[in-house]
file run-v4.csv (CSV, C-alpha atoms)
chain,number,residue,atom,x,y,z
A,685,MET,CA,17.1,120.1,-79.3
A,686,SER,CA,14.5,122.7,-78.1
A,687,VAL,CA,12.1,121.8,-75.3
A,688,GLN,CA,8.4,122.7,-75.8
A,689,PRO,CA,6.9,124.5,-72.8
A,690,ILE,CA,4.3,122.5,-70.8
A,691,ASP,CA,0.8,123.4,-71.5
A,692,PRO,CA,-1.0,123.4,-68.1
A,693,LYS,CA,-4.4,122.8,-69.8
A,694,LYS,CA,-3.2,119.5,-71.2
A,695,PRO,CA,-1.8,116.4,-69.5
A,696,ASP,CA,1.9,115.9,-69.9
A,697,LEU,CA,1.8,112.4,-71.3
A,698,GLU,CA,4.7,110.1,-71.7
A,699,GLU,CA,5.2,108.4,-75.1
A,700,SER,CA,4.3,105.0,-73.4
A,701,THR,CA,0.9,106.2,-72.2
A,702,ASN,CA,-2.1,104.6,-74.0
A,703,VAL,CA,-4.7,107.3,-73.9
A,704,SER,CA,-7.6,104.9,-74.7
A,705,LEU,CA,-6.8,102.5,-72.0
A,706,GLN,CA,-6.3,105.3,-69.4
A,707,HIS,CA,-9.7,106.8,-70.4
A,708,ALA,CA,-11.5,103.4,-70.0
A,709,ASP,CA,-9.9,102.9,-66.6
A,710,VAL,CA,-11.0,106.3,-65.5
A,711,MET,CA,-14.6,105.6,-66.6
A,712,ARG,CA,-14.7,102.3,-64.7
A,713,SER,CA,-13.5,104.0,-61.5
A,714,ALA,CA,-16.1,106.7,-61.9
A,715,GLY,CA,-18.8,104.1,-62.4
A,716,ALA,CA,-17.8,102.2,-59.3
A,717,ALA,CA,-17.7,105.5,-57.2
A,718,SER,CA,-21.1,106.4,-58.5
A,719,ARG,CA,-22.5,103.1,-57.4
A,720,GLU,CA,-20.9,103.3,-54.0
A,721,LYS,CA,-22.6,106.7,-53.4
A,722,GLN,CA,-26.0,105.0,-53.9
A,723,VAL,CA,-25.4,102.2,-51.4
A,724,ARG,CA,-26.2,103.1,-47.8
A,725,GLU,CA,-24.0,102.2,-44.9
A,726,ASN,CA,-26.1,99.2,-44.1
A,727,GLY,CA,-25.5,97.8,-47.6
A,728,LEU,CA,-29.0,98.4,-48.9
A,729,GLU,CA,-29.7,100.2,-52.1
A,730,PRO,CA,-32.5,102.9,-52.3
A,731,VAL,CA,-36.0,101.6,-52.9
A,732,SER,CA,-37.3,102.2,-56.3
A,733,MET,CA,-40.0,104.9,-56.5
A,734,TRP,CA,-42.2,102.5,-58.5
A,735,ILE,CA,-42.0,99.9,-55.7
A,736,PHE,CA,-43.0,102.6,-53.2
A,737,ILE,CA,-46.0,103.7,-55.3
A,738,THR,CA,-47.1,100.2,-55.9
A,739,GLY,CA,-46.9,99.3,-52.2
A,740,SER,CA,-48.9,102.4,-51.2
A,741,ILE,CA,-51.7,101.5,-53.7
A,742,ILE,CA,-51.9,98.0,-52.3
A,743,ALA,CA,-52.0,99.3,-48.7
A,744,ILE,CA,-54.8,101.7,-49.5
A,745,ILE,CA,-56.9,99.0,-51.2
A,746,ALA,CA,-56.3,96.5,-48.4
A,747,GLY,CA,-57.2,99.2,-45.8
A,748,SER,CA,-60.5,100.0,-47.5
A,749,VAL,CA,-61.5,96.4,-47.7
A,750,LEU,CA,-60.6,95.9,-44.0
A,751,PHE,CA,-62.7,98.8,-42.7
A,752,LYS,CA,-65.7,98.1,-45.0
A,753,SER,CA,-66.0,94.6,-43.5
A,754,SER,CA,-68.5,95.2,-40.7
A,755,SER,CA,-68.0,91.9,-39.0
A,756,LEU,CA,-64.3,91.4,-39.4
A,757,LEU,CA,-63.4,93.0,-36.1
A,758,GLU,CA,-66.6,92.3,-34.1
A,759,TYR,CA,-66.3,90.6,-30.7
A,760,ASP,CA,-68.5,87.7,-31.8
A,761,SER,CA,-66.2,86.9,-34.7
A,762,PHE,CA,-63.4,86.0,-32.3
A,763,VAL,CA,-65.2,84.6,-29.3
A,764,ALA,CA,-67.2,81.4,-29.2
A,765,SER,CA,-70.9,81.7,-28.3
A,766,GLY,CA,-71.5,81.3,-24.6
A,767,TYR,CA,-67.9,81.8,-23.7
A,768,THR,CA,-67.2,82.8,-20.1
A,769,GLN,CA,-63.8,83.6,-18.5
A,770,LYS,CA,-62.4,80.9,-16.4
A,771,ASP,CA,-61.7,81.4,-12.7
A,772,ASP,CA,-58.2,82.0,-11.4
A,773,PRO,CA,-56.0,78.9,-11.2
A,774,GLY,CA,-56.3,79.1,-7.4
A,775,GLY,CA,-60.1,78.8,-7.6
A,776,ALA,CA,-60.8,82.4,-6.4
A,777,THR,CA,-62.9,84.7,-8.5
A,778,THR,CA,-62.4,88.4,-8.1
A,779,VAL,CA,-65.7,90.4,-8.1
A,780,PRO,CA,-65.7,94.2,-8.3
A,781,SER,CA,-67.5,95.2,-5.1
A,782,ALA,CA,-68.4,98.3,-3.2
A,783,GLU,CA,-70.6,99.6,-0.4
A,784,ILE,CA,-73.9,100.6,-2.0
A,785,GLU,CA,-73.9,104.3,-0.7
A,786,SER,CA,-70.4,104.9,-2.0
A,787,LEU,CA,-71.1,103.3,-5.3
A,788,TYR,CA,-74.4,105.2,-5.8
A,789,MET,CA,-72.8,108.5,-4.9
A,790,SER,CA,-69.8,108.1,-7.2
A,791,MET,CA,-71.7,106.6,-10.1
A,792,GLY,CA,-74.6,109.1,-9.7
A,793,LYS,CA,-72.2,112.1,-9.6
A,794,ALA,CA,-70.5,110.9,-12.8
A,795,LYS,CA,-73.9,110.7,-14.5
A,796,TYR,CA,-75.0,114.1,-13.2
A,797,THR,CA,-72.2,115.8,-15.2
A,798,GLY,CA,-74.7,115.8,-18.1
A,799,CYS,CA,-77.2,117.8,-16.0
A,800,ILE,CA,-74.8,120.5,-14.7
A,801,ALA,CA,-75.2,122.9,-17.6
A,802,CYS,CA,-78.8,123.5,-16.7
A,803,HIS,CA,-79.3,122.6,-13.1
A,804,GLY,CA,-75.8,123.6,-11.9
A,805,ALA,CA,-73.2,121.8,-9.9
A,806,ASP,CA,-74.9,123.0,-6.7
A,807,GLY,CA,-78.4,121.9,-8.0
A,808,ASN,CA,-79.8,125.4,-7.7
A,809,GLY,CA,-80.6,125.7,-11.4
A,810,THR,CA,-80.5,128.8,-13.5
A,811,PRO,CA,-82.9,131.6,-12.3
A,812,GLY,CA,-85.7,132.2,-14.8
A,813,ALA,CA,-84.5,129.4,-17.1
A,814,PHE,CA,-83.9,126.0,-15.4
A,815,PRO,CA,-85.5,124.9,-12.2
A,816,PRO,CA,-83.5,124.0,-9.1
A,817,LEU,CA,-83.3,120.4,-7.8
A,818,ALA,CA,-82.3,121.5,-4.3
A,819,GLY,CA,-85.3,121.3,-2.0
A,820,ALA,CA,-87.7,120.6,-4.9
A,821,LYS,CA,-90.7,118.4,-4.0
A,822,TRP,CA,-90.6,116.9,-7.5
A,823,VAL,CA,-87.2,115.4,-6.6
A,824,LYS,CA,-87.8,114.4,-3.0
A,825,GLU,CA,-91.3,113.0,-2.8
A,826,SER,CA,-90.9,110.1,-5.2
A,827,PRO,CA,-88.2,108.4,-7.3
A,828,ILE,CA,-90.7,108.1,-10.2
A,829,ILE,CA,-90.7,111.8,-11.0
A,830,PRO,CA,-87.0,112.3,-11.4
A,831,ALA,CA,-86.8,109.0,-13.3
A,832,PHE,CA,-89.5,110.0,-15.7
A,833,ALA,CA,-87.8,113.4,-16.3
A,834,ILE,CA,-84.5,111.6,-17.0
A,835,ILE,CA,-86.2,109.0,-19.3
A,836,HIS,CA,-88.7,111.1,-21.2
A,837,GLY,CA,-87.8,114.8,-20.6
A,838,VAL,CA,-90.2,117.5,-19.4
A,839,LYS,CA,-92.3,120.0,-21.4
A,840,GLY,CA,-94.6,122.9,-20.5
A,841,ALA,CA,-95.0,124.9,-17.3
A,842,ILE,CA,-93.9,123.5,-14.0
A,843,GLU,CA,-93.8,125.3,-10.6
A,844,VAL,CA,-90.7,124.7,-8.5
A,845,GLN,CA,-89.9,126.4,-5.2
A,846,GLY,CA,-92.5,129.1,-5.9
A,847,SER,CA,-91.3,130.0,-9.4
A,848,THR,CA,-92.8,128.9,-12.7
A,849,TYR,CA,-90.6,127.5,-15.4
A,850,ASN,CA,-91.7,126.9,-18.9
A,851,GLY,CA,-89.0,124.9,-20.5
A,852,ASN,CA,-88.4,122.0,-22.9
A,853,MET,CA,-86.1,119.5,-21.2
A,854,PRO,CA,-85.2,116.7,-23.6
A,855,SER,CA,-84.7,113.1,-22.6
A,856,GLN,CA,-81.4,112.5,-20.7
A,857,GLY,CA,-81.0,109.0,-22.0
A,858,GLY,CA,-82.6,107.2,-19.1
A,859,ASP,CA,-84.0,104.6,-21.4
A,860,THR,CA,-80.5,103.5,-22.4
A,861,MET,CA,-79.1,103.6,-18.9
A,862,GLY,CA,-78.8,100.4,-16.9
A,863,ASP,CA,-81.1,100.0,-13.9
A,864,LEU,CA,-78.1,100.3,-11.5
A,865,GLU,CA,-77.0,103.6,-13.3
A,866,LEU,CA,-80.5,105.1,-13.1
A,867,ALA,CA,-80.9,104.1,-9.5
A,868,ALA,CA,-77.5,105.8,-8.7
A,869,LEU,CA,-78.4,109.0,-10.5
A,870,ILE,CA,-81.7,109.2,-8.7
A,871,TYR,CA,-80.0,108.6,-5.3
A,872,TYR,CA,-77.4,111.3,-6.1
A,873,ILE,CA,-80.1,113.8,-6.9
A,874,GLN,CA,-82.2,112.9,-3.9
A,875,ASN,CA,-79.2,113.1,-1.5
A,876,SER,CA,-77.2,116.1,-2.7
A,877,PHE,CA,-77.7,119.9,-2.7
A,878,GLY,CA,-79.2,119.6,0.8
A,879,ASN,CA,-81.7,116.9,-0.2
A,880,LYS,CA,-81.7,113.9,2.2
A,881,VAL,CA,-84.1,111.2,1.1
A,882,GLY,CA,-81.7,108.3,2.0
A,883,VAL,CA,-83.5,105.5,0.1
A,884,LEU,CA,-81.2,103.1,-1.8
A,885,TYR,CA,-83.4,101.8,-4.6
A,886,THR,CA,-82.6,98.4,-6.0
A,887,PRO,CA,-82.4,97.6,-9.7
A,888,GLU,CA,-85.6,95.6,-9.2
A,889,GLN,CA,-87.4,98.7,-7.9
A,890,ILE,CA,-86.1,100.6,-10.9
A,891,GLY,CA,-87.8,97.9,-13.0
A,892,GLN,CA,-91.1,99.0,-11.5
A,893,ILE,CA,-90.5,102.5,-12.8
A,894,ARG,CA,-89.6,101.1,-16.3
A,895,LYS,CA,-93.0,99.3,-16.2
A,896,LEU,CA,-94.9,102.5,-15.4
A,897,SER,CA,-93.0,104.3,-18.1
A,898,ASN,CA,-93.9,101.7,-20.7
A,899,GLU,CA,-97.6,101.8,-19.6
A,900,ARG,CA,-97.9,105.6,-20.2
A,901,SER,CA,-100.9,106.6,-22.3
A,902,GLU,CA,-99.1,109.7,-23.4
A,903,SER,CA,-96.0,109.8,-25.6
A,904,GLY,CA,-92.9,111.9,-25.6
A,905,GLN,CA,-92.0,114.3,-22.8
A,906,VAL,CA,-93.9,114.4,-19.5
A,907,THR,CA,-95.8,117.4,-18.2
A,908,ALA,CA,-96.4,118.7,-14.7
A,909,ALA,CA,-99.9,117.4,-14.8
A,910,GLU,CA,-98.8,113.9,-15.5
A,911,LEU,CA,-96.0,114.0,-12.8
A,912,THR,CA,-98.4,115.3,-10.2
A,913,LYS,CA,-100.1,111.9,-9.8
A,914,TYR,CA,-96.8,110.4,-8.7
A,915,LEU,CA,-96.2,112.8,-5.8
A,916,GLY,CA,-95.7,110.8,-2.6
A,917,LYS,CA,-95.8,107.5,-4.5
A,918,LYS,CA,-93.4,104.9,-3.2
A,919,LEU,CA,-92.0,101.8,-4.8
A,920,ASP,CA,-92.8,98.2,-3.7
A,921,GLY,CA,-90.2,95.9,-2.2
A,922,ASP,CA,-87.2,96.4,0.1
A,923,SER,CA,-84.5,98.9,-0.8
A,924,PHE,CA,-80.8,98.2,-0.1
A,925,GLU,CA,-79.9,98.4,3.5
A,926,PRO,CA,-77.1,101.0,4.3
A,927,GLY,CA,-73.7,99.3,4.3
A,928,THR,CA,-74.7,96.6,1.8
A,929,ILE,CA,-71.8,95.3,-0.3
A,930,VAL,CA,-72.8,94.8,-3.9
A,931,ASN,CA,-71.4,93.8,-7.2
A,932,LYS,CA,-70.4,97.1,-8.8
A,933,LYS,CA,-71.6,96.0,-12.3
A,934,THR,CA,-74.8,94.1,-11.5
A,935,GLY,CA,-76.0,95.4,-8.1
A,936,GLU,CA,-76.1,91.8,-6.8
A,937,ILE,CA,-75.7,91.6,-3.0
A,938,LEU,CA,-72.5,89.9,-2.0
A,939,GLU,CA,-71.9,87.9,1.1
A,940,VAL,CA,-69.1,89.4,3.2
A,941,GLU,CA,-66.8,86.8,4.8

call {"tool": "encode", "arguments": {"input": "run-v4.csv", "output": "C-alpha cells"}}
result
Amino acid sequence: MSVQPIDPKKPDLEESTNVSLQHADVMRSAGAASREKQVRENGLEPVSMWIFITGSIIAIIAGSVLFKSSSLLEYDSFVASGYTQKDDPGGATTVPSAEIESLYMSMGKAKYTGCIACHGADGNGTPGAFPPLAGAKWVKESPIIPAFAIIHGVKGAIEVQGSTYNGNMPSQGGDTMGDLELAALIYYIQNSFGNKVGVLYTPEQIGQIRKLSNERSESGQVTAAELTKYLGKKLDGDSFEPGTIVNKKTGEILEVE
C-alpha cells in the first residue's frame, strides 16, 4: 500500500476525527477568549459609550441648573436669620485684637498698595504727573482732605510742594471701605514717608467725615478750591490713645486683664 505524503497546509486528521465537532469546539474557545480580553483585572466590563454620553449630558444639564440658581448657594439659604456662633464650651470667647498703632499701620499699608502706581512706594509721587504725599500740607493738616481724595477723587489743578499738578485722580473706593479701613489708610499716609501726624482717628470720627462727604453741594471729584476750606480743620471727639487694644474687625476698645 502506498503512503500519501503529508500536506503541511492541511491538518493530518485521523479517521475518527469529527471535523464539525472540532470546529464548534474551536469557535466556543475563541468566543470565551474574546470575552476574557474585554474583562478587566477587577472583573468589570468596559462602560458602554452610550452610557458615558448619556451621563455626560445629564451632568451638563444638572450643572447649568445649579449655577443658574442665584440663591441655592447663598449664605442665607443655609443659615437661620439672627444666627450667631456660640462661645467655646469653656465659656471663653476669642476676640481678634491688636494694638491700634500696629493695626492701623499694617491695615493702612495693605490698602496703600492701590496708590503705589501713582504716588510711589516712598510717597514721593511721579514728577510732573502725580503729586507727592511726603510732606504735603494736603495730607498733614487735616484727615478730611486725604479722606475726600480717597472717597471722591481729585480733578483740576492743585499745587503740592511748590509744583502744580493737573490730574484726574479717580475715586479710590473710600465709599465702600469700612470706617476702620479708611481710618487706617489715613493714618498710614499721615505717618509714613517722613510725615508724623500721630493722630489715631476712631471709626466714630471717620463718621464725621462721611457726614461732610454726604453734605457736599458739589458732585463727583473734589477740586483744590473745595479742599482748601478744610485745611487745618480737626475732627470732634477723642481719638484713640496710643497703646489702646482694639477689636481688629470693629475697632471696639477691649479691656486688657

call {"tool": "closest_atom_pairs", "arguments": {"input": "run-v4.csv", "of": "stretch 771-842 of chain A", "to": "stretch 859-879 of chain A", "cutoff": "12 Å", "atoms": "all atoms listed in the file", "output": "JSON lines"}}
result
{"residue": "A:Ile784", "atom": "CA", "partner": "A:Ala868", "partner_atom": "CA", "distance": 9.2}
{"residue": "A:Glu785", "atom": "CA", "partner": "A:Tyr871", "partner_atom": "CA", "distance": 8.8}
{"residue": "A:Ser786", "atom": "CA", "partner": "A:Ala868", "partner_atom": "CA", "distance": 9.8}
{"residue": "A:Leu787", "atom": "CA", "partner": "A:Ala868", "partner_atom": "CA", "distance": 7.7}
{"residue": "A:Tyr788", "atom": "CA", "partner": "A:Ala868", "partner_atom": "CA", "distance": 4.3}
{"residue": "A:Met789", "atom": "CA", "partner": "A:Tyr872", "partner_atom": "CA", "distance": 5.5}
{"residue": "A:Ser790", "atom": "CA", "partner": "A:Ala868", "partner_atom": "CA", "distance": 8.2}
{"residue": "A:Met791", "atom": "CA", "partner": "A:Ala868", "partner_atom": "CA", "distance": 6.0}
{"residue": "A:Gly792", "atom": "CA", "partner": "A:Leu869", "partner_atom": "CA", "distance": 3.9}
{"residue": "A:Lys793", "atom": "CA", "partner": "A:Tyr872", "partner_atom": "CA", "distance": 6.3}
{"residue": "A:Ala794", "atom": "CA", "partner": "A:Leu869", "partner_atom": "CA", "distance": 8.4}
{"residue": "A:Lys795", "atom": "CA", "partner": "A:Leu869", "partner_atom": "CA", "distance": 6.3}
{"residue": "A:Tyr796", "atom": "CA", "partner": "A:Leu869", "partner_atom": "CA", "distance": 6.7}
{"residue": "A:Thr797", "atom": "CA", "partner": "A:Leu869", "partner_atom": "CA", "distance": 10.3}
{"residue": "A:Gly798", "atom": "CA", "partner": "A:Leu869", "partner_atom": "CA", "distance": 10.8}
{"residue": "A:Cys799", "atom": "CA", "partner": "A:Ile873", "partner_atom": "CA", "distance": 10.4}
{"residue": "A:Ile800", "atom": "CA", "partner": "A:Ile873", "partner_atom": "CA", "distance": 11.6}
{"residue": "A:His803", "atom": "CA", "partner": "A:Ile873", "partner_atom": "CA", "distance": 10.8}
{"residue": "A:Gly804", "atom": "CA", "partner": "A:Phe877", "partner_atom": "CA", "distance": 10.1}
{"residue": "A:Ala805", "atom": "CA", "partner": "A:Phe877", "partner_atom": "CA", "distance": 8.7}
{"residue": "A:Asp806", "atom": "CA", "partner": "A:Phe877", "partner_atom": "CA", "distance": 5.8}
{"residue": "A:Gly807", "atom": "CA", "partner": "A:Phe877", "partner_atom": "CA", "distance": 5.7}
{"residue": "A:Asn808", "atom": "CA", "partner": "A:Phe877", "partner_atom": "CA", "distance": 7.7}
{"residue": "A:Gly809", "atom": "CA", "partner": "A:Phe877", "partner_atom": "CA", "distance": 10.9}
{"residue": "A:Pro816", "atom": "CA", "partner": "A:Phe877", "partner_atom": "CA", "distance": 9.6}
{"residue": "A:Leu817", "atom": "CA", "partner": "A:Ile873", "partner_atom": "CA", "distance": 7.4}
{"residue": "A:Ala818", "atom": "CA", "partner": "A:Phe877", "partner_atom": "CA", "distance": 5.1}
{"residue": "A:Gly819", "atom": "CA", "partner": "A:Asn879", "partner_atom": "CA", "distance": 6.0}
{"residue": "A:Ala820", "atom": "CA", "partner": "A:Asn879", "partner_atom": "CA", "distance": 8.5}
{"residue": "A:Lys821", "atom": "CA", "partner": "A:Asn879", "partner_atom": "CA", "distance": 9.9}
{"residue": "A:Trp822", "atom": "CA", "partner": "A:Gln874", "partner_atom": "CA", "distance": 10.0}
{"residue": "A:Val823", "atom": "CA", "partner": "A:Gln874", "partner_atom": "CA", "distance": 6.2}
{"residue": "A:Lys824", "atom": "CA", "partner": "A:Gln874", "partner_atom": "CA", "distance": 5.9}
{"residue": "A:Glu825", "atom": "CA", "partner": "A:Gln874", "partner_atom": "CA", "distance": 9.2}
{"residue": "A:Ser826", "atom": "CA", "partner": "A:Gln874", "partner_atom": "CA", "distance": 9.2}
{"residue": "A:Pro827", "atom": "CA", "partner": "A:Ile870", "partner_atom": "CA", "distance": 6.7}
{"residue": "A:Ile828", "atom": "CA", "partner": "A:Ile870", "partner_atom": "CA", "distance": 9.2}
{"residue": "A:Ile829", "atom": "CA", "partner": "A:Ile870", "partner_atom": "CA", "distance": 9.6}
{"residue": "A:Pro830", "atom": "CA", "partner": "A:Ile870", "partner_atom": "CA", "distance": 6.7}
{"residue": "A:Ala831", "atom": "CA", "partner": "A:Ile870", "partner_atom": "CA", "distance": 6.9}
{"residue": "A:Phe832", "atom": "CA", "partner": "A:Asp859", "partner_atom": "CA", "distance": 9.6}
{"residue": "A:Ala833", "atom": "CA", "partner": "A:Ile870", "partner_atom": "CA", "distance": 10.6}
{"residue": "A:Ile834", "atom": "CA", "partner": "A:Asp859", "partner_atom": "CA", "distance": 8.3}
{"residue": "A:Ile835", "atom": "CA", "partner": "A:Asp859", "partner_atom": "CA", "distance": 5.3}
{"residue": "A:His836", "atom": "CA", "partner": "A:Asp859", "partner_atom": "CA", "distance": 8.0}
{"residue": "A:Gly837", "atom": "CA", "partner": "A:Asp859", "partner_atom": "CA", "distance": 10.9}

call {"tool": "atom_distance", "arguments": {"input": "run-v4.csv", "atom1": "atom CA of A:Lys917", "atom2": "atom CA of A:Ser901"}}
result
18.5 Å

call {"tool": "atom_distance", "arguments": {"input": "run-v4.csv", "atom1": "atom CA of A:Gly916", "atom2": "atom CA of A:Lys839"}}
result
21.2 Å

call {"tool": "atom_distance", "arguments": {"input": "run-v4.csv", "atom1": "atom CA of A:Val838", "atom2": "atom CA of A:Glu899"}}
result
17.4 Å

call {"tool": "closest_residue", "arguments": {"input": "run-v4.csv", "among": "A:Val844, A:Ala909, A:Ile742, A:Val779", "to": "A:Pro811", "atoms": "only C-alpha atoms"}}
result
A:Val844

call {"tool": "axis_aligned_box", "arguments": {"input": "run-v4.csv", "around": "stretch 922-933 of chain A", "padding_each_side": "4 Å", "output": "AutoDock Vina command-line options"}}
result
--center_x -78.8 --center_y 97.4 --center_z -4.0 --size_x 24.8 --size_y 15.2 --size_z 24.6

call {"tool": "closest_residue", "arguments": {"input": "run-v4.csv", "among": "A:Leu896, A:Leu938, A:Val883, A:Met733", "to": "A:Leu911", "atoms": "only C-alpha atoms"}}
result
A:Leu896

call {"tool": "closest_residue", "arguments": {"input": "run-v4.csv", "among": "A:Gly739, A:Gly851, A:Gly857, A:Pro780", "to": "A:Cys802", "atoms": "all atoms listed in the file"}}
result
A:Gly851
